[in-house]
$ cat upload_35.txt   # compact mmCIF, C-alpha atoms
# COMPACT_ATOMS: atom_id res chain seq x y z
CA MET A 7 45.38 -32.94 -8.27
CA ASN A 8 42.99 -35.88 -8.31
CA ALA A 9 39.38 -35.90 -9.48
CA LYS A 10 38.02 -35.47 -5.96
CA GLN A 11 40.15 -32.41 -5.36
CA ILE A 12 39.17 -30.95 -8.74
CA PHE A 13 35.49 -31.46 -7.87
CA LYS A 14 35.97 -29.61 -4.58
CA VAL A 15 37.64 -26.71 -6.34
CA ILE A 16 34.84 -26.49 -8.93
CA LYS A 17 32.21 -26.69 -6.22
CA SER A 18 33.94 -23.92 -4.28
CA VAL A 19 34.21 -21.71 -7.36
CA LEU A 20 30.54 -22.25 -8.24
CA SER A 21 29.54 -21.48 -4.68
CA VAL A 22 31.47 -18.22 -4.68
CA ALA A 23 30.08 -17.36 -8.13
CA GLY A 24 26.57 -18.08 -6.91
CA ILE A 25 27.00 -15.85 -3.89
CA LEU A 26 28.49 -13.10 -6.05
CA ALA A 27 25.61 -13.36 -8.51
CA ALA A 28 23.12 -13.18 -5.66
CA VAL A 29 24.84 -10.11 -4.23
CA ILE A 30 24.87 -8.35 -7.61
CA SER A 31 21.25 -9.30 -8.21
CA TRP A 32 20.18 -7.98 -4.82
CA TYR A 33 22.15 -4.78 -5.38
CA LYS A 34 20.22 -4.22 -8.61
CA PHE A 35 16.67 -5.07 -7.63
CA GLY A 36 16.75 -5.31 -3.83
CA PRO A 37 15.64 -1.68 -3.36
CA PHE A 38 12.55 -2.38 -5.48
CA VAL A 39 11.72 -5.43 -3.37
CA LYS A 40 12.09 -3.32 -0.24
CA SER A 41 9.89 -0.59 -1.72
CA ALA A 42 7.22 -3.17 -2.54
CA ASN A 43 7.31 -4.37 1.05
CA SER A 44 7.02 -0.79 2.33
CA VAL A 45 3.67 -0.11 0.64
CA LYS A 46 0.90 0.80 3.06
CA LYS A 47 -2.76 1.34 2.28
CA LEU A 48 -4.03 4.68 3.56
CA ASN A 49 -7.66 4.36 2.43
CA ASP A 50 -9.65 2.86 -0.45
CA HIS A 51 -7.74 4.82 -3.09
CA PHE A 52 -4.44 5.99 -1.61
CA TYR A 53 -1.21 4.20 -0.79
CA TYR A 54 2.18 5.13 0.64
CA MET A 55 5.57 3.80 -0.40
CA GLU A 56 9.19 4.42 0.57
CA PHE A 57 12.12 3.93 -1.77
CA SER A 58 15.78 4.09 -0.86
CA GLY A 59 18.37 3.24 -3.49
CA ASP A 60 19.25 3.81 -7.12
CA TYR A 61 16.45 4.21 -9.66
CA GLN A 62 19.04 5.39 -12.19
CA LEU A 63 17.51 8.72 -13.12
CA ASP A 64 20.98 10.21 -13.58
CA LYS A 65 21.86 7.47 -16.07
CA LEU A 66 18.63 8.04 -17.99
CA LEU A 67 19.38 11.74 -18.36
CA GLU A 68 23.02 11.06 -19.25
CA GLN A 69 21.80 8.81 -22.05
CA GLY A 70 19.69 11.62 -23.50
CA GLY A 71 16.42 11.11 -21.60
CA VAL A 72 13.10 10.20 -23.23
CA GLU A 73 10.61 12.15 -25.30
CA SER A 74 7.48 10.05 -24.88
CA ASN A 75 5.65 7.88 -22.40
CA SER A 76 6.35 4.78 -24.49
CA GLU A 77 10.10 5.44 -24.31
CA MET A 78 9.76 5.96 -20.57
CA ALA A 79 8.04 2.58 -20.30
CA VAL A 80 10.93 0.82 -22.04
CA TYR A 81 13.44 2.33 -19.63
CA ILE A 82 11.39 1.44 -16.56
CA GLU A 83 11.14 -2.16 -17.77
CA GLN A 84 14.93 -2.28 -17.74
CA VAL A 85 15.17 -0.75 -14.27
CA LEU A 86 12.55 -3.13 -12.88
CA ARG A 87 14.61 -6.06 -14.21
CA GLY A 88 12.56 -7.15 -17.16
CA LYS A 89 9.10 -6.79 -15.66
CA LYS A 90 6.79 -6.39 -18.64
CA ILE A 91 4.94 -3.12 -18.30
CA HIS A 92 4.52 -2.32 -21.99
CA LYS A 93 1.07 -0.90 -21.29
CA VAL A 94 2.57 1.62 -18.91
CA PHE A 95 1.58 5.27 -19.30
CA LYS A 96 -1.53 6.39 -21.07
CA GLU A 97 -0.81 8.58 -24.07
CA GLU A 98 -4.08 10.48 -23.66
CA VAL A 99 -6.60 10.95 -20.87
CA PRO A 100 -9.90 12.85 -20.79
CA LEU A 101 -9.29 16.46 -19.80
CA ASN A 102 -10.90 17.48 -16.55
CA THR A 103 -9.09 20.62 -15.51
CA GLY A 104 -8.88 21.62 -11.91
CA CYS A 105 -6.00 22.01 -9.47
CA ALA A 106 -4.50 25.04 -7.78
CA ALA A 107 -1.22 26.08 -6.20
CA ILE A 108 -0.43 28.85 -3.73
CA SER A 109 2.71 30.07 -1.98
CA SER A 110 3.08 32.28 1.10
CA PHE A 111 5.13 33.11 4.15
CA THR A 112 3.50 32.44 7.50
CA PRO A 113 3.31 35.19 10.14
CA GLU A 114 6.28 33.44 11.81
CA GLY A 115 8.35 33.70 8.64
CA GLU A 116 8.14 30.09 7.51
CA LYS A 117 7.51 29.31 3.85
CA VAL A 118 4.47 27.20 2.93
CA PHE A 119 3.21 25.90 -0.40
CA GLY A 120 -0.30 24.53 -0.94
CA ARG A 121 -1.75 22.40 -3.69
CA ASN A 122 -5.20 21.08 -4.72
CA TYR A 123 -5.24 18.16 -7.14
CA ASP A 124 -8.64 18.07 -8.86
CA TRP A 125 -9.72 15.32 -11.23
CA ASN A 126 -12.67 13.22 -12.24
CA ASN A 127 -12.34 9.52 -11.39
CA LEU A 128 -9.42 8.08 -9.46
CA THR A 129 -8.81 4.41 -8.74
CA SER A 130 -5.45 4.55 -7.00
CA ALA A 131 -2.81 7.13 -6.12
CA MET A 132 0.40 6.92 -4.18
CA ILE A 133 2.46 9.14 -1.90
CA ILE A 134 6.12 8.25 -2.43
CA LYS A 135 8.98 9.10 -0.11
CA CYS A 136 12.27 8.82 -2.02
CA ASN A 137 15.84 8.63 -0.79
CA PRO A 138 17.76 8.28 -4.06
CA LYS A 139 21.38 7.22 -4.25
CA HIS A 140 22.02 10.22 -6.49
CA GLY A 141 19.89 13.22 -5.57
CA TYR A 142 17.87 14.90 -2.85
CA LYS A 143 15.33 13.15 -0.69
CA SER A 144 11.75 14.03 -1.55
CA ILE A 145 8.09 13.28 -1.02
CA SER A 146 5.80 13.29 -4.05
CA THR A 147 2.38 12.19 -5.25
CA THR A 148 1.34 10.28 -8.35
CA GLN A 149 -1.95 9.08 -9.78
CA LEU A 150 -1.27 5.45 -10.59
CA ASP A 151 -4.23 5.31 -12.98
CA PHE A 152 -2.18 7.21 -15.56
CA ILE A 153 0.50 4.53 -15.59
CA GLY A 154 -1.90 2.10 -17.25
CA PHE A 155 -1.38 -1.20 -15.44
CA GLY A 156 -4.93 -2.19 -16.25
CA GLU A 157 -8.48 -1.60 -15.11
CA GLY A 158 -8.79 -1.69 -11.35
CA TYR A 159 -5.03 -1.90 -10.70
CA ARG A 160 -4.18 -1.52 -7.04
CA PRO A 161 -0.77 -2.06 -5.39
CA GLU A 162 -1.91 -4.63 -2.85
CA LYS A 163 -0.28 -7.95 -3.79
CA PHE A 164 3.50 -8.19 -3.97
CA GLY A 165 3.71 -8.20 -7.77
CA SER A 166 1.54 -5.10 -8.15
CA ARG A 167 3.37 -3.37 -5.30
CA TYR A 168 6.68 -4.07 -7.05
CA LEU A 169 5.39 -2.46 -10.23
CA ALA A 170 4.24 0.59 -8.27
CA ALA A 171 7.87 1.75 -8.17
CA ALA A 172 7.19 3.03 -11.70
CA GLY A 173 5.34 5.85 -9.94
CA ILE A 174 8.71 7.31 -8.92
CA TYR A 175 9.14 8.51 -12.51
CA VAL A 176 5.72 10.17 -12.81
CA PRO A 177 5.22 12.53 -9.87
CA LEU A 178 2.56 15.21 -10.21
CA ASP A 179 3.86 17.30 -7.32
CA GLY A 180 6.36 17.13 -4.50
CA MET A 181 8.88 18.71 -2.14
CA ASN A 182 12.54 17.85 -1.68
CA GLU A 183 14.85 18.14 1.33
CA LYS A 184 15.95 21.63 0.26
CA GLY A 185 12.36 22.86 0.56
CA LEU A 186 11.87 23.14 -3.20
CA CYS A 187 8.27 22.43 -4.23
CA ILE A 188 6.82 21.81 -7.67
CA SER A 189 3.36 20.92 -8.94
CA ASP A 190 1.96 20.16 -12.38
CA LEU A 191 -1.28 21.83 -13.45
CA MET A 192 -3.18 21.81 -16.72
CA ALA A 193 -2.61 25.11 -18.53
CA GLY A 194 -6.06 25.17 -20.14
CA ASP A 195 -5.69 24.12 -23.79
CA THR A 196 -4.40 21.36 -26.04
CA GLU A 197 -1.18 23.00 -27.18
CA GLU A 198 1.44 20.26 -26.92
CA THR A 199 5.09 20.98 -26.31
CA ASN A 200 7.76 19.16 -28.32
CA GLN A 201 11.06 21.00 -28.21
CA ASP A 202 13.83 19.81 -30.53
CA SER A 203 17.07 21.67 -29.88
CA GLY A 204 19.28 18.63 -29.37
CA LYS A 205 19.27 18.84 -25.57
CA CYS A 206 18.43 15.98 -23.23
CA ASP A 207 14.72 15.08 -23.56
CA VAL A 208 12.25 15.02 -20.69
CA THR A 209 8.52 14.49 -20.42
CA THR A 210 6.32 16.59 -18.13
CA THR A 211 6.55 14.20 -15.19
CA LEU A 212 10.18 13.23 -15.77
CA ALA A 213 11.05 16.93 -15.48
CA ILE A 214 9.31 17.06 -12.09
CA ARG A 215 11.33 14.07 -10.88
CA GLY A 216 14.55 15.62 -12.19
CA ILE A 217 13.85 18.92 -10.45
CA LEU A 218 13.01 17.22 -7.16
CA ASP A 219 16.15 15.09 -7.33
CA PHE A 220 18.70 17.63 -8.53
CA CYS A 221 17.52 21.22 -7.87
CA ALA A 222 17.80 23.14 -4.60
CA ASP A 223 15.91 26.32 -5.50
CA VAL A 224 13.82 28.06 -8.14
CA SER A 225 16.84 29.31 -10.08
CA GLU A 226 18.25 25.80 -10.41
CA ALA A 227 14.83 24.49 -11.45
CA ILE A 228 14.59 27.10 -14.21
CA GLU A 229 18.07 26.16 -15.43
CA PHE A 230 17.03 22.50 -15.47
CA LEU A 231 14.08 23.34 -17.71
CA LYS A 232 16.23 25.53 -19.96
CA ASN A 233 18.78 22.74 -20.34
CA HIS A 234 16.25 20.07 -21.38
CA ASP A 235 13.90 19.67 -24.32
CA MET A 236 10.36 19.39 -22.98
CA HIS A 237 7.77 16.95 -24.35
CA SER A 238 4.29 17.30 -22.86
CA VAL A 239 2.21 14.21 -22.09
CA ILE A 240 -1.44 13.07 -22.27
CA GLY A 241 -2.25 15.43 -25.13
CA TYR A 242 -2.57 18.73 -23.26
CA ALA A 243 -0.66 21.82 -22.20
CA HIS A 244 0.87 21.87 -18.74
CA HIS A 245 2.42 24.48 -16.53
CA PHE A 246 4.45 24.19 -13.33
CA ALA A 247 4.24 26.07 -10.06
CA ILE A 248 7.74 26.07 -8.56
CA SER A 249 8.48 27.47 -5.10
CA ASP A 250 11.51 27.40 -2.81
CA ALA A 251 12.27 28.02 0.85
CA SER A 252 13.57 31.55 0.18
CA GLY A 253 10.08 32.80 -0.67
CA ARG A 254 10.25 32.80 -4.44
CA MET A 255 7.59 31.19 -6.64
CA VAL A 256 7.44 31.13 -10.42
CA VAL A 257 5.15 29.68 -13.04
CA ALA A 258 6.90 27.82 -15.88
CA GLU A 259 4.88 27.56 -19.11
CA TYR A 260 5.54 26.55 -22.70
CA ILE A 261 4.03 28.79 -25.39
CA ASP A 262 4.84 27.98 -29.01
CA ASN A 263 7.52 25.60 -27.71
CA GLN A 264 9.24 28.41 -25.81
CA LEU A 265 9.75 28.37 -22.05
CA VAL A 266 8.08 31.37 -20.38
CA ILE A 267 8.76 32.17 -16.71
CA THR A 268 6.34 34.36 -14.71
CA GLU A 269 6.74 35.44 -11.08
CA ALA A 270 3.51 34.64 -9.20
CA ASN A 271 2.27 33.38 -5.85
CA ALA A 272 -0.81 31.50 -7.10
CA LEU A 273 -1.80 29.42 -10.10
CA THR A 274 -4.84 27.58 -11.44
CA ASN A 275 -5.60 26.38 -14.98
CA HIS A 276 -4.97 29.21 -17.39
CA TYR A 277 -1.80 30.74 -18.77
CA LEU A 278 -0.07 33.60 -16.98
CA GLY A 279 2.58 34.11 -19.63
CA GLY A 280 0.80 36.09 -22.34
CA LYS A 281 -1.91 34.03 -24.05
CA ASP A 282 -5.21 35.63 -25.02
CA GLU A 283 -7.42 35.80 -21.92
CA ALA A 284 -10.53 35.37 -24.09
CA ASP A 285 -9.71 31.68 -24.18
CA PHE A 286 -9.36 31.32 -20.42
CA ASN A 287 -11.66 29.07 -18.43
CA GLU A 288 -14.01 31.21 -16.37
CA ASN A 289 -13.87 28.86 -13.40
CA SER A 290 -10.07 28.89 -13.43
CA VAL A 291 -10.04 32.70 -13.46
CA TYR A 292 -12.46 32.77 -10.52
CA ARG A 293 -10.37 30.32 -8.46
CA LEU A 294 -7.18 32.27 -9.10
CA ARG A 295 -8.94 35.48 -8.05
CA VAL A 296 -9.95 33.85 -4.76
CA LEU A 297 -6.35 32.78 -4.08
CA ASN A 298 -4.87 36.18 -4.89
CA GLN A 299 -7.51 38.07 -2.93
CA ARG A 300 -6.79 35.96 0.16
CA LEU A 301 -3.07 36.68 -0.20
CA GLU A 302 -3.78 40.40 -0.50
CA GLU A 303 -6.18 40.42 2.46
CA LYS A 304 -4.01 38.40 4.81
CA GLY A 305 -0.55 39.36 3.66
CA ARG A 306 0.84 36.18 5.19
CA LEU A 307 -1.04 32.91 5.49
CA THR A 308 -0.83 30.43 8.32
CA GLU A 309 -1.02 26.77 7.35
CA ASP A 310 -4.65 26.83 8.50
CA ASP A 311 -5.31 29.88 6.30
CA MET A 312 -3.88 28.02 3.34
CA LYS A 313 -5.98 24.96 4.11
CA GLN A 314 -9.06 27.19 4.24
CA VAL A 315 -8.53 28.98 0.93
CA LEU A 316 -7.86 25.68 -0.85
CA TYR A 317 -11.02 24.31 0.77
CA ASP A 318 -12.93 27.36 -0.51
CA ILE A 319 -12.07 26.42 -4.12
CA ARG A 320 -12.45 22.63 -3.77
CA ALA A 321 -13.61 20.88 -6.93
CA SER A 322 -16.87 19.26 -5.85
CA GLN A 323 -18.66 22.58 -5.31
CA PHE A 324 -18.19 23.41 -9.00
CA LYS A 325 -18.60 19.99 -10.63
CA THR A 326 -20.57 17.15 -9.12
CA TYR A 327 -18.51 14.62 -11.09
CA SER A 328 -15.16 15.99 -9.91
CA LYS A 329 -13.30 16.03 -6.62
CA THR A 330 -10.21 17.48 -4.99
CA TRP A 331 -8.54 14.13 -4.53
CA TRP A 332 -5.70 15.52 -2.47
CA ARG A 333 -4.83 18.78 -0.79
CA ILE A 334 -1.26 19.17 0.40
CA ILE A 335 0.31 21.78 2.62
CA PHE A 336 4.11 21.69 2.40
CA ASN A 337 6.08 23.50 5.09
CA GLN A 338 9.30 24.26 3.24
CA ASN A 339 11.30 25.05 6.36
CA ASN A 340 10.15 22.23 8.63
CA LEU A 341 9.96 19.85 5.63
CA THR A 342 6.52 18.53 6.55
CA ALA A 343 3.70 17.50 4.23
CA THR A 344 0.08 17.43 5.41
CA TYR A 345 -2.36 15.60 3.13
CA SER A 346 -6.16 15.76 3.15
CA LEU A 347 -7.56 13.05 0.88
CA GLU A 348 -10.82 12.91 -1.09
CA GLU A 349 -12.20 16.13 0.42
CA ASN A 350 -12.14 14.67 3.91
CA TYR A 351 -10.95 17.81 5.68
CA GLU A 352 -11.33 16.67 9.28
CA SER A 353 -8.03 17.21 11.10
CA LEU A 354 -8.10 13.66 12.45
CA ALA A 355 -8.23 12.38 8.88
CA GLU A 356 -5.04 14.17 7.81
CA PHE A 357 -1.91 12.26 6.90
CA ASN A 358 1.34 13.85 8.01
CA PHE A 359 4.82 13.10 6.68
CA LYS A 360 8.27 14.56 7.30
CA LEU A 361 11.44 14.39 5.23
$ encode --input "upload_35.txt" --output "structure tokens"
Amino acid sequence: MNAKQIFKVIKSVLSVAGILAAVISWYKFGPFVKSANSVKKLNDHFYYMEFSGDYQLDKLLEQGGVESNSEMAVYIEQVLRGKKIHKVFKEEVPLNTGCAAISSFTPEGEKVFGRNYDWNNLTSAMIIKCNPKHGYKSISTTQLDFIGFGEGYRPEKFGSRYLAAAGIYVPLDGMNEKGLCISDLMAGDTEETNQDSGKCDVTTTLAIRGILDFCADVSEAIEFLKNHDMHSVIGYAHHFAISDASGRMVVAEYIDNQLVITEANALTNHYLGGKDEADFNENSVYRLRVLNQRLEEKGRLTEDDMKQVLYDIRASQFKTYSKTWWRIIFNQNNLTATYSLEENYESLAEFNFKL
């Protein structure tokens, strides 16, 4: 073989190697590029994104999970191919309790789950529709402010939209294709949870993502929580409202590092699992009473009934500095999600999604 022939062989090998490298590279980060390109602005504060591919949640849990936001940040940097997001996830945020969750059958026998997300200031939030390689499809919501990309961060240029995929790991509520719904609410005090039994570790929001991806009903969600060591985030106590398409809803709480499960059809911002009611927030007790009374009066709530009762306990009427940033009505049989954003409750202003 002469020099010219050797050069052709080397060139051919390098070409094949280059193509192979490009294919592998696209396989790894192509879904994140596509998700960045899918981002749509809904209004001044809300965005929508679709992700289809492998965000490696199963691998994270197989490796033992994470027990803090800083550990979560390191893993996401790896998944996003070295993008430096060391500031990701705030360890603490000012407490501004609000939020509510309610579950009911409709008169037609469909299962619906409603959620108010109340908070003080919000710069940007994102609705994320996920089709993971390993797991159930879902739609979820995250407040991007908590991720900590910097003051005024908005996913509008390509680089910031690419980083927004980190929001997949920090959902605050959602519904999957099996009709299982979950939402995170503040439980009312500063008792942090840090279990240490040697099981796989999850943070509050990572648990939500795991349940959406891998659980089909309430029983499976409870088993997921039992089989993982919980580590609460942002310096406060949390509890979960979990509801499935069969009609069951439970509240999952952590008291003295022990998981407590309570059957309930409504939840606000105080414990249902046995803590002293003297410490409960009066406003939270009032809002829960409104939800339960409406369930008792109506028996079954239409989607419009659910919209109304969540409107009746919207945040701005109690605190001028707070707002119900999103209200969601999930239909767990039809797999639809209807969002009202920033207390704009006009029907024409609703955003509707379907799994």
$ atom_distance --input "upload_35.txt" --atom1 "CA of Ser353 in chain A" --atom2 "CA of Ala42 in chain A"
28.9 Å
$ atom_distance --input "upload_35.txt" --atom1 "CA of Thr112 in chain A" --atom2 "CA of Leu307 in chain A"
5.0 Å
$ atom_distance --input "upload_35.txt" --atom1 "CA of Thr274 in chain A" --atom2 "CA of Phe336 in chain A"
17.5 Å
$ closest_residue --input "upload_35.txt" --among "A:Phe38, A:Trp125, A:Tyr327, A:Phe359" --to "Thr342 in chain A" --atoms "all atoms listed in the file"
A:Phe359
$ closest_atom_pairs --input "upload_35.txt" --of "range 112-217 of chain A" --to "range 48-54 of chain A" --cutoff "7 Å" --atoms "all atoms listed in the file" --output "JSON lines"
{"residue": "A:Thr129", "atom": "CA", "partner": "A:His51", "partner_atom": "CA", "distance": 5.8}
{"residue": "A:Ser130", "atom": "CA", "partner": "A:His51", "partner_atom": "CA", "distance": 4.5}
{"residue": "A:Ala131", "atom": "CA", "partner": "A:Phe52", "partner_atom": "CA", "distance": 4.9}
{"residue": "A:Met132", "atom": "CA", "partner": "A:Tyr53", "partner_atom": "CA", "distance": 4.6}
{"residue": "A:Ile133", "atom": "CA", "partner": "A:Tyr54", "partner_atom": "CA", "distance": 4.8}
{"residue": "A:Ile134", "atom": "CA", "partner": "A:Tyr54", "partner_atom": "CA", "distance": 5.9}
$ closest_residue --input "upload_35.txt" --among "A:Val296, A:Val257, A:Cys206, A:Ala243" --to "Cys187 in chain A" --atoms "all atoms listed in the file"
A:Val257
$ decode --input "upload_35.txt" --residues "range 102-131 of chain A" --atoms "N, CA and C atoms" --output "compact mmCIF listing (two decimals), in the first residue's frame"
# COMPACT_ATOMS: atom_id res chain seq x y z
N ASN A 102 -43.70 31.83 52.20
CA ASN A 102 -44.93 32.57 51.95
C ASN A 102 -46.02 31.54 51.65
N THR A 103 -46.51 30.91 52.70
CA THR A 103 -47.39 29.76 52.51
C THR A 103 -48.67 30.14 51.81
N GLY A 104 -49.13 29.25 51.01
CA GLY A 104 -50.39 29.36 50.32
C GLY A 104 -50.70 27.98 49.78
N CYS A 105 -51.28 27.92 48.62
CA CYS A 105 -51.53 26.67 47.90
C CYS A 105 -52.69 25.88 48.48
N ALA A 106 -53.29 25.09 47.62
CA ALA A 106 -54.40 24.22 48.00
C ALA A 106 -54.51 23.11 46.97
N ALA A 107 -55.08 21.99 47.39
CA ALA A 107 -55.33 20.87 46.49
C ALA A 107 -56.68 20.26 46.85
N ILE A 108 -57.39 19.78 45.83
CA ILE A 108 -58.72 19.21 46.05
C ILE A 108 -58.97 18.13 45.01
N SER A 109 -59.66 17.07 45.43
CA SER A 109 -59.92 15.93 44.56
C SER A 109 -61.41 15.58 44.62
N SER A 110 -61.99 15.24 43.46
CA SER A 110 -63.41 14.90 43.44
C SER A 110 -63.76 14.13 42.17
N PHE A 111 -64.84 13.35 42.25
CA PHE A 111 -65.48 12.85 41.05
C PHE A 111 -66.39 13.93 40.50
N THR A 112 -66.60 13.92 39.19
CA THR A 112 -67.61 14.77 38.58
C THR A 112 -68.94 14.03 38.60
N PRO A 113 -70.05 14.72 38.34
CA PRO A 113 -71.34 14.03 38.27
C PRO A 113 -71.35 12.92 37.22
N GLU A 114 -70.49 13.04 36.19
CA GLU A 114 -70.42 12.03 35.13
C GLU A 114 -69.50 10.87 35.50
N GLY A 115 -68.85 10.95 36.67
CA GLY A 115 -68.01 9.85 37.11
C GLY A 115 -66.54 9.99 36.74
N GLU A 116 -66.16 11.13 36.17
CA GLU A 116 -64.75 11.36 35.88
C GLU A 116 -64.05 11.86 37.14
N LYS A 117 -62.75 11.64 37.19
CA LYS A 117 -61.97 12.06 38.36
C LYS A 117 -61.22 13.35 38.01
N VAL A 118 -61.33 14.36 38.89
CA VAL A 118 -60.64 15.63 38.66
C VAL A 118 -59.86 16.02 39.91
N PHE A 119 -58.75 16.69 39.68
CA PHE A 119 -57.86 17.13 40.76
C PHE A 119 -57.52 18.58 40.49
N GLY A 120 -57.70 19.44 41.50
CA GLY A 120 -57.43 20.86 41.34
C GLY A 120 -56.33 21.34 42.25
N ARG A 121 -55.66 22.39 41.82
CA ARG A 121 -54.49 22.87 42.57
C ARG A 121 -54.34 24.38 42.40
N ASN A 122 -54.20 25.11 43.53
CA ASN A 122 -53.77 26.51 43.53
C ASN A 122 -52.31 26.55 43.96
N TYR A 123 -51.50 27.31 43.23
CA TYR A 123 -50.12 27.54 43.65
C TYR A 123 -49.99 29.01 44.03
N ASP A 124 -49.88 29.27 45.33
CA ASP A 124 -49.81 30.63 45.85
C ASP A 124 -48.38 30.94 46.27
N TRP A 125 -47.92 32.13 45.92
CA TRP A 125 -46.58 32.55 46.32
C TRP A 125 -46.51 34.06 46.26
N ASN A 126 -45.38 34.59 46.69
CA ASN A 126 -45.18 36.02 46.67
C ASN A 126 -44.77 36.45 45.26
N ASN A 127 -43.49 36.72 45.05
CA ASN A 127 -43.02 37.16 43.74
C ASN A 127 -42.66 35.97 42.87
N LEU A 128 -42.87 36.12 41.58
CA LEU A 128 -42.50 35.10 40.61
C LEU A 128 -41.98 35.79 39.36
N THR A 129 -40.78 35.40 38.94
CA THR A 129 -40.20 35.96 37.72
C THR A 129 -40.51 35.09 36.52
N SER A 130 -40.28 33.77 36.66
CA SER A 130 -40.58 32.88 35.55
C SER A 130 -40.92 31.49 36.05
N ALA A 131 -41.88 30.88 35.37
CA ALA A 131 -42.31 29.51 35.66
C ALA A 131 -42.50 28.79 34.34
